[in-house]
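Dropping data.cif in here (mmCIF, C-alpha atoms):
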data_coords
#
loop_
_atom_site.label_atom_id
_atom_site.label_comp_id
_atom_site.auth_asym_id
_atom_site.auth_seq_id
_atom_site.Cartn_x
_atom_site.Cartn_y
_atom_site.Cartn_z
CA MET A 11 -4.26 28.85 -3.85
CA ILE A 12 -4.43 26.44 -0.94
CA ILE A 13 -4.04 22.68 -1.27
CA ILE A 14 -4.72 20.40 1.69
CA GLY A 15 -3.61 16.77 1.99
CA GLY A 16 -5.13 14.50 4.60
CA SER A 17 -5.65 10.86 5.44
CA GLY A 18 -6.80 8.97 8.54
CA GLY A 19 -7.93 11.37 11.26
CA SER A 20 -8.13 14.36 8.92
CA PHE A 21 -11.82 14.60 8.24
CA ASP A 22 -12.80 16.51 11.39
CA LEU A 23 -9.76 18.77 10.97
CA ILE A 24 -10.87 19.72 7.48
CA LEU A 25 -14.35 20.55 8.78
CA SER A 26 -12.81 22.79 11.46
CA ILE A 27 -10.57 24.49 8.92
CA LEU A 28 -13.50 25.20 6.59
CA GLN A 29 -15.53 26.61 9.47
CA GLY A 30 -12.63 28.80 10.56
CA LEU A 31 -11.88 30.34 7.16
CA ASP A 32 -12.65 34.01 6.51
CA LYS A 33 -15.80 34.55 4.50
CA GLU A 34 -14.15 36.39 1.66
CA MET A 35 -11.09 34.46 0.70
CA ASN A 36 -9.84 35.30 -2.71
CA MET A 37 -8.48 31.92 -3.70
CA PRO A 38 -9.52 28.39 -4.53
CA ILE A 39 -8.97 25.50 -2.13
CA VAL A 40 -8.26 21.93 -3.20
CA ILE A 41 -8.59 19.00 -0.82
CA ILE A 42 -6.82 15.70 -1.45
CA LEU A 43 -8.25 13.26 1.04
CA HIS A 44 -7.59 9.52 0.97
CA ARG A 45 -10.94 7.80 0.68
CA LEU A 46 -12.39 4.41 -0.09
CA LYS A 47 -13.20 3.28 -3.60
CA ASN A 48 -16.69 2.31 -4.68
CA THR A 49 -18.42 4.16 -1.87
CA LYS A 50 -21.11 6.79 -2.26
CA ALA A 51 -19.78 10.33 -2.51
CA ILE A 52 -21.12 11.95 0.64
CA LEU A 53 -17.89 13.78 1.47
CA GLU A 54 -18.81 16.82 -0.62
CA ASP A 55 -22.32 17.07 0.87
CA PHE A 56 -20.87 16.90 4.33
CA LEU A 57 -18.23 19.55 3.72
CA GLN A 58 -20.84 21.78 2.12
CA LEU A 59 -22.73 21.94 5.40
CA HIS A 60 -19.74 23.63 7.00
CA THR A 61 -18.83 26.36 4.53
CA HIS A 62 -20.43 29.05 2.42
CA TYR A 63 -18.01 28.37 -0.44
CA THR A 64 -19.27 25.97 -3.08
CA VAL A 65 -17.86 22.48 -2.55
CA LYS A 66 -17.52 20.30 -5.60
CA GLU A 67 -15.58 17.34 -6.88
CA ALA A 68 -12.94 18.51 -9.37
CA GLU A 69 -13.96 17.55 -12.90
CA ASP A 70 -11.67 16.65 -15.75
CA LYS A 71 -10.60 19.75 -17.77
CA GLU A 72 -12.56 22.10 -15.50
CA PHE A 73 -11.01 25.52 -14.74
CA LEU A 74 -9.73 26.10 -11.22
CA LYS A 75 -11.81 29.02 -9.91
CA THR A 76 -11.88 31.27 -6.88
CA GLY A 77 -14.79 30.80 -4.52
CA TYR A 78 -14.75 27.03 -4.82
CA ILE A 79 -13.52 24.21 -2.65
CA TYR A 80 -12.59 21.24 -4.80
CA THR A 81 -12.12 17.64 -3.74
CA ALA A 82 -10.13 15.01 -5.61
CA PRO A 83 -12.45 12.22 -6.81
CA SER A 84 -12.00 8.79 -5.32
CA ASP A 85 -9.73 6.44 -7.33
CA TYR A 86 -8.22 9.19 -9.55
CA HIS A 87 -5.09 11.30 -9.26
CA LEU A 88 -5.79 15.02 -9.60
CA LEU A 89 -3.40 17.09 -11.72
CA LEU A 90 -3.26 20.73 -12.83
CA GLU A 91 -2.57 21.81 -16.40
CA GLU A 92 -0.56 24.90 -17.30
CA ASN A 93 -3.81 26.61 -18.37
CA PHE A 94 -5.25 26.06 -14.85
CA ARG A 95 -7.55 23.26 -15.84
CA PHE A 96 -7.77 20.05 -13.84
CA SER A 97 -6.85 16.70 -15.36
CA LEU A 98 -7.73 13.34 -13.88
CA ASP A 99 -5.43 10.36 -14.14
CA THR A 100 -5.96 6.68 -13.32
CA SER A 101 -2.34 5.57 -13.46
CA GLU A 102 -0.92 3.37 -10.72
CA GLU A 103 -1.34 4.17 -7.04
CA VAL A 104 1.42 6.17 -5.39
CA ASN A 105 2.11 5.42 -1.71
CA PHE A 106 -0.75 2.91 -1.99
CA SER A 107 -3.02 5.86 -2.66
CA ARG A 108 -5.12 7.21 -5.50
CA PRO A 109 -5.65 10.11 -5.21
CA SER A 110 -2.09 10.54 -3.99
CA ILE A 111 -1.17 13.74 -2.17
CA ASP A 112 2.38 13.61 -3.54
CA VAL A 113 1.10 13.45 -7.11
CA SER A 114 -1.24 16.44 -6.70
CA PHE A 115 1.18 18.57 -4.69
CA GLU A 116 3.93 18.09 -7.28
CA SER A 117 1.60 18.77 -10.18
CA PHE A 118 0.03 21.90 -8.67
CA SER A 119 3.38 23.26 -7.52
CA ARG A 120 4.85 22.80 -10.98
CA VAL A 121 2.24 25.21 -12.35
CA LEU A 122 1.70 27.57 -9.44
CA LYS A 123 5.25 27.80 -8.01
CA GLU A 124 5.24 30.33 -5.14
CA ASN A 125 1.49 30.91 -5.47
CA CYS A 126 0.64 27.72 -3.70
CA CYS A 127 0.22 26.88 -0.03
CA GLY A 128 0.37 23.19 0.90
CA ILE A 129 -0.84 21.65 4.15
CA ILE A 130 -0.31 18.14 5.51
CA LEU A 131 -2.68 16.88 8.18
CA SER A 132 -3.03 13.68 10.19
CA GLY A 133 -2.50 10.36 8.42
CA ALA A 134 -1.12 6.86 8.88
CA ASN A 135 1.16 6.70 5.85
CA GLN A 136 3.87 8.85 4.28
CA ASP A 137 2.00 10.29 1.33
CA GLY A 138 2.53 14.02 0.83
CA ALA A 139 6.05 14.30 2.28
CA ILE A 140 7.75 14.54 -1.12
CA GLY A 141 5.03 16.75 -2.57
CA LEU A 142 5.17 19.22 0.30
CA GLN A 143 8.93 19.42 -0.08
CA VAL A 144 8.46 20.25 -3.76
CA ILE A 145 6.03 23.06 -2.86
CA GLY A 146 8.55 24.41 -0.34
CA LYS A 147 11.46 24.27 -2.77
CA ASN A 148 9.37 26.05 -5.41
CA GLY A 149 8.88 28.95 -3.04
CA GLY A 150 5.39 28.11 -1.82
CA GLU A 151 4.13 28.21 1.75
CA THR A 152 4.12 24.88 3.60
CA ILE A 153 2.32 23.93 6.79
CA VAL A 154 2.29 20.65 8.71
CA GLN A 155 -0.09 19.76 11.50
CA ASP A 156 1.81 19.40 14.76
CA PRO A 157 2.27 15.62 15.20
CA LYS A 158 1.63 16.11 18.93
CA GLU A 159 -1.98 16.84 18.21
CA ALA A 160 -2.52 14.66 15.11
CA GLU A 161 -4.59 11.51 15.55
CA PHE A 162 -2.16 9.64 13.26
CA THR A 163 1.37 11.02 13.36
CA ALA A 164 3.09 9.18 10.49
CA MET A 165 2.11 11.59 7.73
CA PRO A 166 3.02 14.87 9.47
CA GLU A 167 6.19 13.28 10.83
CA ALA A 168 7.27 12.06 7.39
CA ALA A 169 6.72 15.56 5.96
CA ILE A 170 8.80 17.17 8.70
CA ALA A 171 11.58 14.57 8.35
CA LYS A 172 11.79 15.20 4.62
CA TYR A 173 12.18 18.97 4.75
CA LYS A 174 13.01 21.24 7.66
CA ASN A 175 11.46 24.53 6.58
CA HIS A 176 7.79 23.74 7.07
CA SER A 177 5.72 25.66 9.62
CA VAL A 178 4.58 23.10 12.18
CA CYS A 179 1.30 24.27 13.72
CA ALA A 180 -1.60 23.26 15.89
CA LEU A 181 -5.02 23.39 14.24
CA ASN A 182 -5.99 26.87 15.47
CA ASN A 183 -2.74 28.29 14.14
CA ILE A 184 -3.21 26.53 10.81
CA ILE A 185 -6.51 28.36 10.44
CA LYS A 186 -4.93 31.70 11.42
CA LYS A 187 -2.10 31.16 8.96
CA LEU A 188 -4.46 30.33 6.12
CA ASN A 189 -6.58 33.40 6.72
CA TYR A 190 -3.44 35.50 6.78
CA TYR A 191 -2.09 33.79 3.65
CA ALA A 192 -5.34 34.35 1.75
CA LYS A 193 -5.30 38.14 2.32
CA MET B 28 13.40 15.38 -14.48
CA ILE B 29 11.89 17.44 -17.28
CA GLU B 30 9.51 20.42 -17.13
CA PHE B 31 6.58 21.71 -19.21
CA SER B 32 9.01 23.74 -21.29
CA ASP B 33 10.89 20.59 -22.40
CA LEU B 34 7.78 18.74 -23.42
CA GLU B 35 7.08 20.23 -26.86
CA GLU B 36 10.58 19.45 -28.04
CA ILE B 37 10.12 15.78 -27.17
CA LEU B 38 6.67 15.61 -28.76
CA VAL B 39 8.02 17.05 -32.01
CA LEU B 40 10.84 14.55 -32.02
CA ILE B 41 8.47 11.63 -31.48
CA GLN B 42 6.18 12.82 -34.24
CA LYS B 43 9.01 13.28 -36.72
CA GLN B 44 10.74 10.02 -36.06
CA TYR B 45 7.85 7.65 -35.32
CA GLY B 46 4.71 9.44 -36.52
CA TYR B 47 2.93 9.43 -33.17
CA ASP B 48 0.99 12.63 -32.57
CA PHE B 49 0.71 13.47 -28.87
CA SER B 50 -0.08 17.14 -29.39
CA GLY B 51 -3.65 16.71 -28.10
CA TYR B 52 -2.64 14.87 -24.95
CA SER B 53 -3.00 16.36 -21.50
CA ARG B 54 0.37 17.91 -20.67
CA ALA B 55 0.17 17.37 -16.93
CA SER B 56 -0.24 13.61 -17.33
CA LEU B 57 2.36 13.36 -20.09
CA LEU B 58 4.91 15.16 -17.97
CA ARG B 59 4.23 12.87 -15.05
CA ARG B 60 4.46 9.74 -17.22
CA ILE B 61 7.65 10.82 -18.99
CA ASN B 62 9.33 11.69 -15.70
CA ARG B 63 8.32 8.31 -14.39
CA PHE B 64 9.70 6.59 -17.48
CA MET B 65 12.99 8.45 -17.03
CA GLU B 66 13.14 7.43 -13.40
CA ILE B 67 12.59 3.69 -13.98
CA SER B 68 14.87 3.68 -17.03
CA ASP B 69 17.59 5.56 -15.20
CA ILE B 70 17.59 8.47 -17.65
CA GLY B 71 18.68 11.69 -15.97
CA THR B 72 18.54 14.41 -18.57
CA ILE B 73 16.48 15.45 -21.56
CA VAL B 74 19.53 15.01 -23.82
CA HIS B 75 19.90 11.42 -22.68
CA LEU B 76 16.17 10.84 -23.16
CA LYS B 77 16.19 12.20 -26.71
CA ASN B 78 19.22 10.13 -27.50
CA GLN B 79 17.58 6.93 -26.33
CA LEU B 80 14.30 7.60 -28.14
CA VAL B 81 16.00 8.41 -31.42
CA ASN B 82 18.51 5.58 -31.46
CA ASP B 83 16.64 2.72 -29.87
CA PRO B 84 13.22 1.81 -31.35
CA ASP B 85 12.78 -0.89 -28.73
CA LYS B 86 13.28 1.66 -25.98
CA PHE B 87 10.77 3.85 -27.78
CA ASN B 88 8.16 1.07 -27.65
CA GLY B 89 8.74 0.79 -23.93
CA PHE B 90 8.36 4.55 -23.68
CA ILE B 91 5.01 4.50 -25.51
CA ASN B 92 3.85 1.71 -23.29
CA GLU B 93 4.80 3.58 -20.14
CA ILE B 94 3.23 6.87 -21.10
CA VAL B 95 -0.07 5.69 -22.55
CA VAL B 96 -0.95 2.47 -20.81
CA ASN B 97 -3.01 2.32 -17.70
CA ILE B 98 -3.12 -0.53 -15.34
CA SER B 99 -6.71 -1.56 -15.13
CA GLU B 100 -8.46 -4.27 -13.19
CA PHE B 101 -11.15 -6.84 -13.81
CA PHE B 102 -14.63 -5.39 -13.37
CA ARG B 103 -13.29 -1.99 -12.31
CA ASP B 104 -16.33 -0.05 -11.05
CA PRO B 105 -18.71 -3.00 -10.50
CA ASP B 106 -21.72 -0.65 -10.62
CA PHE B 107 -20.82 0.16 -14.20
CA PHE B 108 -20.86 -3.48 -15.26
CA LYS B 109 -24.08 -4.02 -13.35
CA SER B 110 -25.66 -1.18 -15.30
CA LEU B 111 -24.31 -2.60 -18.55
CA LEU B 112 -25.94 -5.95 -17.73
CA ASN B 113 -29.27 -4.37 -16.83
CA ASN B 114 -29.53 -1.52 -19.30
CA VAL B 115 -27.51 -2.45 -22.37
CA PHE B 116 -27.41 -6.23 -22.70
CA PRO B 117 -31.18 -6.57 -23.21
CA TYR B 118 -30.82 -4.33 -26.31
CA LEU B 119 -27.77 -6.19 -27.58
CA GLU B 120 -29.66 -9.45 -27.29
CA SER B 121 -32.01 -8.34 -30.05
CA TYR B 122 -29.22 -8.13 -32.65
CA PRO B 123 -28.39 -11.22 -34.72
CA LYS B 124 -24.71 -10.27 -34.59
CA ILE B 125 -23.07 -8.03 -31.99
CA ASN B 126 -19.92 -5.99 -32.63
CA ILE B 127 -18.24 -4.39 -29.63
CA TRP B 128 -15.24 -2.07 -29.59
CA THR B 129 -13.13 -1.69 -26.48
CA ALA B 130 -10.96 1.32 -27.32
CA GLY B 131 -7.76 1.72 -25.31
CA CYS B 132 -7.86 -1.85 -24.01
CA SER B 133 -4.41 -1.79 -22.33
CA PHE B 134 -3.68 -5.27 -20.97
CA GLY B 135 -7.20 -6.49 -21.62
CA GLU B 136 -8.73 -6.63 -18.14
CA GLU B 137 -11.83 -4.72 -19.16
CA THR B 138 -12.20 -6.52 -22.47
CA TYR B 139 -12.04 -9.91 -20.79
CA SER B 140 -14.44 -8.74 -18.07
CA LEU B 141 -16.91 -7.91 -20.80
CA ALA B 142 -16.31 -11.26 -22.51
CA ILE B 143 -17.06 -13.06 -19.24
CA LEU B 144 -20.39 -11.28 -18.89
CA LEU B 145 -21.30 -11.92 -22.53
CA LYS B 146 -20.56 -15.58 -22.03
CA GLU B 147 -22.63 -15.83 -18.88
CA MET B 148 -25.55 -14.14 -20.59
CA GLY B 149 -25.31 -16.50 -23.56
CA LEU B 150 -24.34 -13.72 -25.98
CA MET B 151 -20.72 -14.57 -26.64
CA GLN B 152 -21.34 -16.89 -29.59
CA LYS B 153 -22.91 -14.09 -31.60
CA SER B 154 -20.48 -11.41 -30.43
CA ARG B 155 -17.18 -10.19 -31.72
CA ILE B 156 -15.06 -7.84 -29.63
CA TYR B 157 -12.58 -5.54 -31.32
CA ALA B 158 -10.01 -4.60 -28.70
CA THR B 159 -7.67 -1.82 -29.76
CA ASP B 160 -4.81 0.10 -28.27
CA ILE B 161 -2.10 2.47 -29.44
CA SER B 162 0.60 0.38 -27.74
CA ALA B 163 1.83 -2.76 -29.54
CA LYS B 164 3.41 -3.99 -26.32
CA ALA B 165 0.16 -3.71 -24.40
CA LEU B 166 -1.71 -5.58 -27.14
CA GLU B 167 0.84 -8.37 -27.09
CA LYS B 168 0.30 -8.74 -23.39
CA ALA B 169 -3.47 -8.48 -23.66
CA LYS B 170 -3.51 -11.22 -26.30
CA LYS B 171 -1.60 -13.56 -24.02
CA GLY B 172 -4.12 -12.94 -21.25
CA ILE B 173 -1.78 -13.71 -18.35
CA PHE B 174 -2.37 -11.85 -15.09
CA PRO B 175 -0.63 -11.93 -11.72
CA ASN B 176 -2.69 -13.64 -9.00
CA ASN B 177 -2.18 -11.05 -6.26
CA ASN B 178 -5.30 -9.05 -7.10
CA PHE B 179 -7.62 -11.94 -7.82
CA LYS B 180 -9.46 -11.71 -4.54
CA GLU B 181 -10.43 -8.12 -5.31
CA TYR B 182 -11.33 -9.07 -8.89
CA SER B 183 -13.53 -11.85 -7.60
CA ASN B 184 -15.28 -9.42 -5.22
CA ASN B 185 -15.79 -6.99 -8.09
CA TYR B 186 -17.18 -9.83 -10.20
CA PHE B 187 -19.83 -10.69 -7.63
CA SER B 188 -20.63 -7.04 -6.92
CA CYS B 189 -21.59 -6.49 -10.52
CA GLY B 190 -24.20 -9.21 -10.26
CA ALA B 191 -22.41 -12.11 -11.95
CA LYS B 192 -23.42 -15.44 -10.50
CA GLU B 193 -20.80 -18.07 -11.24
CA SER B 194 -17.16 -18.01 -10.19
CA PHE B 195 -14.47 -15.63 -11.39
CA ASN B 196 -11.66 -18.17 -11.03
CA GLN B 197 -13.31 -20.69 -13.36
CA TYR B 198 -12.24 -18.54 -16.30
CA PHE B 199 -8.54 -19.00 -15.55
CA VAL B 200 -5.91 -21.65 -15.20
CA SER B 201 -3.43 -20.76 -12.49
CA ASP B 202 0.07 -21.89 -11.55
CA GLY B 203 -0.18 -20.23 -8.15
CA GLN B 204 1.67 -17.07 -9.22
CA LYS B 205 -0.18 -16.06 -12.32
CA SER B 206 -3.29 -17.06 -14.20
CA ILE B 207 -4.03 -17.42 -17.87
CA ILE B 208 -7.48 -16.74 -19.23
CA ASN B 209 -9.35 -19.60 -20.92
CA SER B 210 -8.81 -19.68 -24.65
CA GLU B 211 -12.53 -20.09 -25.12
CA LEU B 212 -12.96 -16.48 -23.99
CA LYS B 213 -10.25 -15.27 -26.35
CA LYS B 214 -11.50 -16.72 -29.58
CA ASP B 215 -14.05 -14.02 -30.34
CA ILE B 216 -11.78 -11.13 -29.43
CA LEU B 217 -9.71 -9.48 -32.13
CA PHE B 218 -6.80 -7.45 -30.75
CA SER B 219 -5.39 -4.81 -33.06
CA ARG B 220 -3.50 -1.53 -33.16
CA HIS B 221 -5.60 1.57 -33.47
CA ASN B 222 -4.58 5.13 -32.70
CA LEU B 223 -7.58 7.23 -31.69
CA VAL B 224 -5.73 10.38 -32.73
CA THR B 225 -4.98 9.43 -36.31
CA ASP B 226 -7.03 6.35 -37.28
CA GLY B 227 -10.67 6.43 -38.35
CA VAL B 228 -13.77 4.25 -38.25
CA PHE B 229 -12.99 0.59 -38.94
CA LYS B 230 -16.25 -1.18 -38.14
CA GLU B 231 -19.78 -0.37 -37.11
CA CYS B 232 -20.17 -1.42 -33.48
CA GLN B 233 -23.33 -1.60 -31.35
CA LEU B 234 -21.39 -0.95 -28.18
CA ILE B 235 -18.21 1.07 -27.64
CA LEU B 236 -16.36 0.99 -24.34
CA CYS B 237 -13.73 3.67 -23.88
CA ARG B 238 -13.23 4.21 -20.19
CA ASN B 239 -10.60 6.45 -18.63
CA VAL B 240 -8.92 7.22 -21.92
CA LEU B 241 -10.43 10.63 -22.73
CA ILE B 242 -9.11 12.12 -19.49
CA TYR B 243 -5.63 11.93 -21.03
CA PHE B 244 -6.69 14.17 -23.92
CA ASP B 245 -7.32 17.91 -24.12
CA GLU B 246 -10.82 19.14 -24.93
CA GLU B 247 -10.23 19.42 -28.65
CA LEU B 248 -8.98 15.87 -28.99
CA GLN B 249 -11.74 14.60 -26.70
CA ASN B 250 -14.23 16.11 -29.13
CA LYS B 251 -12.55 14.60 -32.13
CA VAL B 252 -12.56 11.14 -30.60
CA LEU B 253 -16.19 11.43 -29.50
CA GLN B 254 -17.06 12.28 -33.11
CA LEU B 255 -15.21 9.13 -34.20
CA PHE B 256 -17.27 7.08 -31.75
CA TYR B 257 -20.45 8.72 -32.99
CA ASP B 258 -19.52 7.79 -36.55
CA SER B 259 -18.77 4.20 -35.52
CA LEU B 260 -22.14 3.63 -33.84
CA PRO B 261 -25.45 2.78 -35.53
CA VAL B 262 -28.51 4.66 -34.29
CA TYR B 263 -29.43 3.07 -30.92
CA GLY B 264 -25.84 1.96 -30.40
CA PHE B 265 -24.25 2.48 -26.97
CA LEU B 266 -21.23 4.42 -25.78
CA ALA B 267 -19.72 3.87 -22.34
CA LEU B 268 -17.19 6.32 -20.91
CA GLY B 269 -15.25 6.41 -17.63
CA ASN B 270 -17.02 7.56 -14.46
CA LYS B 271 -15.44 11.00 -14.65
CA GLU B 272 -15.76 11.50 -18.38
CA THR B 273 -18.74 13.14 -20.01
CA LEU B 274 -20.40 13.98 -23.31
CA ARG B 275 -21.79 17.14 -21.78
CA PHE B 276 -19.35 19.56 -23.40
CA SER B 277 -18.98 17.80 -26.73
CA ALA B 278 -20.42 18.67 -30.13
CA VAL B 279 -22.24 15.33 -30.40
CA HIS B 280 -23.85 15.77 -27.01
CA ASP B 281 -27.41 16.27 -28.27
CA LYS B 282 -27.24 13.21 -30.51
CA PHE B 283 -27.12 10.91 -27.52
CA LYS B 284 -29.55 10.04 -24.77
CA ILE B 285 -28.32 9.33 -21.26
CA ILE B 286 -28.92 5.72 -20.22
CA ASP B 287 -27.07 5.89 -16.91
CA LYS B 288 -25.95 9.30 -15.71
CA LYS B 289 -23.60 8.10 -13.00
CA GLU B 290 -22.01 5.26 -14.94
CA LYS B 291 -21.74 7.39 -18.10
CA ILE B 292 -23.60 5.12 -20.49
CA TYR B 293 -25.10 6.84 -23.52
CA GLN B 294 -27.23 5.77 -26.47
CA LYS B 295 -27.02 7.32 -29.91
CA ILE B 296 -30.47 8.55 -30.89
CA LYS B 297 -29.85 10.40 -34.17
#

As structure tokens:
Amino acid sequence: MIIIGGSGGSFDLILSILQGLDKEMNMPIVIILHRLKNTKAILEDFLQLHTHYTVKEAEDKEFLKTGYIYTAPSDYHLLLEENFRFSLDTSEEVNFSRPSIDVSFESFSRVLKENCCGIILSGANQDGAIGLQVIGKNGGETIVQDPKEAEFTAMPEAAIAKYKNHSVCALNNIIKKLNYYAK
Amino acid sequence: MIEFSDLEEILVLIQKQYGYDFSGYSRASLLRRINRFMEISDIGTIVHLKNQLVNDPDKFNGFINEIVVNISEFFRDPDFFKSLLNNVFPYLESYPKINIWTAGCSFGEETYSLAILLKEMGLMQKSRIYATDISAKALEKAKKGIFPNNNFKEYSNNYFSCGAKESFNQYFVSDGQKSIINSELKKDILFSRHNLVTDGVFKECQLILCRNVLIYFDEELQNKVLQLFYDSLPVYGFLALGNKETLRFSAVHDKFKIIDKKEKIYQKIK
């Protein structure tokens, strides 16, 4: 499966990625995007306009299924159980974030090991750097948006500084890589 | 750092030695919490962890506290409290005596939030809140009612967003660093230990609040606990769950009516 972590400056990138994906990908996609608390959930509606996959917020104890794009709900960490069900968690923020990309990446990687591709996009903090390293060390594929083209460079830079073996790509290559990975 | 494969061993040990049954808890969260506990307690290996838990009951209490307790906030999800005020309080008003159960009260933020609203609506004098938690340490802290000041601005915003009209700070006495809640708000709250996994009905309550607790349980245990809530409610009593928790998949689902779909407020109808 594919798990994408993004923060400030990532929203348009995610739209472009969804638009660029092949129409018959055989794997679920999970998006961990930092978002504000107590705001109306329009993110899913917006993403849905740009993809033929079904976009939905991940629900507690729901099975992770192919053909879906899941988002982490605002103000909850998103975890994966060994039986491929989601769990939500309201414990303390990590990197000032809930959902935290680190928390989800680590949790998903623990279950999926090499069957997991993690991506870090633009963002103004360092969330995701540790999580992406965990995915890499567990044998999964790891991709970081090229800081040269990211609107906020801190998040991709932190990921690269933490672990050297990530593929660092511009947006069009990220899309190519994902389509290749999903085959 | 421990892995899924180490977990069962630890759960068996805890059950044998202390009688806590975590078998129905979500493994992904447990693993995360236990690894966090090991990190902050400087415990590197599973052998060391087992050693500490077996030989040091005080350490064990800290462990329980760390793995089950969630930091909450005052008036978390203001829209929920607003809905409670508009949709549930008018019903409660009609009872001569109101019993409320806040299950999994942690440090008491939600319980005290509720007490504040009851007071402002003139219902506190005929209400009694039973606030329960599995963690003795958390209850101790909740009973004291002392909270650090750094989040008070957000709490105050939450308070106004849920439609309350007075001032959040009037319910506390502050020394600049931390604030203690007025004893007047405490006197009708009874804090006590209750384990949702093993303990049963203790009181009929017209309103049960159990928010963001069920997400830490697997489906089977969620169902069991929802049955316990059903048994603790009179007909027309209310159940409030967390925003991302639902009755939809439970066995008692058709015995409740939805009062607020988004804020997860239900009313027992049969």

Interface residues on chain B facing chain A, 8 Å, only C-alpha atoms, written as a ChimeraX atom specification: /B:53-56,97-98,104,239,242-243,245-246,271-272

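Proximity ranking of A:Ala139, A:Val144, A:Gln58, A:Gly149 relative to Ala169 in chain A places A:Ala139 first, based on only C-alpha atoms.
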
I'd like the contact shell of Ala168 in chain A - 12 Å cut-off, all atoms listed in the file, skipping same-chain residues fewer than 6 positions apart - returned as JSON, numbers by chain. {"A": [130, 131, 132, 133, 134, 135, 136, 137, 138, 139, 140, 141, 142, 143, 154, 155, 156, 157, 162, 174, 176]}

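Residue nearest Ser114 in chain A, chosen from A:Cys126, A:Ala171, A:Leu59, A:Arg45 and counting all atoms listed in the file: A:Cys126.
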
I'd like the neighbourhood of Leu57 in chain B as number ranges by chain, where a residue qualifies if any of its atoms comes within 9 Å (using all atoms listed in the file), though same-chain residues fewer than 3 positions away should be ignored. B: 34, 49, 52-54, 60-62, 94-95, 243

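For the atom pair formed by CA of Ser162 in chain B and CA of Ile292 in chain B, the distance is 25.7 Å, given to one decimal.
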
As lines of an AutoDock Vina configuration file: centre and edge lengths in Å, one decimal, of the axis-aligned box holding range 206-209 of chain B with 3 Å per side:
center_x = -6.3
center_y = -18.2
center_z = -17.6
size_x = 12.1
size_y = 8.9
size_z = 12.7

Between B:Phe90, B:Phe265, B:Phe108, B:Trp128, single out the one closest to Ile216 in chain B, counting all atoms listed in the file. B:Trp128

Some atoms are absent from range 107-119 of chain A, so rebuild N, CA and C atoms and return them as a short mmCIF file (atom, residue, chain, number, x, y, z; two decimals), in the coordinates of the input.
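What ended up in out21.cif:
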data_model
loop_
_atom_site.label_atom_id
_atom_site.label_comp_id
_atom_site.auth_asym_id
_atom_site.auth_seq_id
_atom_site.Cartn_x
_atom_site.Cartn_y
_atom_site.Cartn_z
N SER A 107 -1.90 4.93 -2.67
CA SER A 107 -3.02 5.86 -2.66
C SER A 107 -3.36 6.38 -4.06
N ARG A 108 -4.63 6.52 -4.32
CA ARG A 108 -5.12 7.21 -5.50
C ARG A 108 -6.46 7.81 -5.11
N PRO A 109 -6.63 9.07 -4.91
CA PRO A 109 -5.65 10.11 -5.21
C PRO A 109 -4.43 10.07 -4.27
N SER A 110 -3.28 10.41 -4.81
CA SER A 110 -2.09 10.54 -3.99
C SER A 110 -1.80 12.03 -3.76
N ILE A 111 -1.47 12.34 -2.52
CA ILE A 111 -1.17 13.74 -2.17
C ILE A 111 0.13 14.17 -2.85
N ASP A 112 1.12 13.28 -2.86
CA ASP A 112 2.38 13.61 -3.54
C ASP A 112 2.14 14.00 -4.99
N VAL A 113 1.35 13.21 -5.69
CA VAL A 113 1.10 13.45 -7.11
C VAL A 113 0.47 14.83 -7.32
N SER A 114 -0.56 15.15 -6.52
CA SER A 114 -1.24 16.44 -6.70
C SER A 114 -0.35 17.60 -6.29
N PHE A 115 0.32 17.48 -5.16
CA PHE A 115 1.18 18.57 -4.69
C PHE A 115 2.24 18.90 -5.74
N GLU A 116 2.89 17.86 -6.27
CA GLU A 116 3.93 18.09 -7.28
C GLU A 116 3.35 18.76 -8.52
N SER A 117 2.20 18.25 -8.95
CA SER A 117 1.60 18.77 -10.18
C SER A 117 1.15 20.23 -10.02
N PHE A 118 0.51 20.53 -8.90
CA PHE A 118 0.03 21.90 -8.67
C PHE A 118 1.21 22.86 -8.49
N SER A 119 2.22 22.40 -7.78
CA SER A 119 3.38 23.26 -7.52
C SER A 119 4.12 23.58 -8.81
#
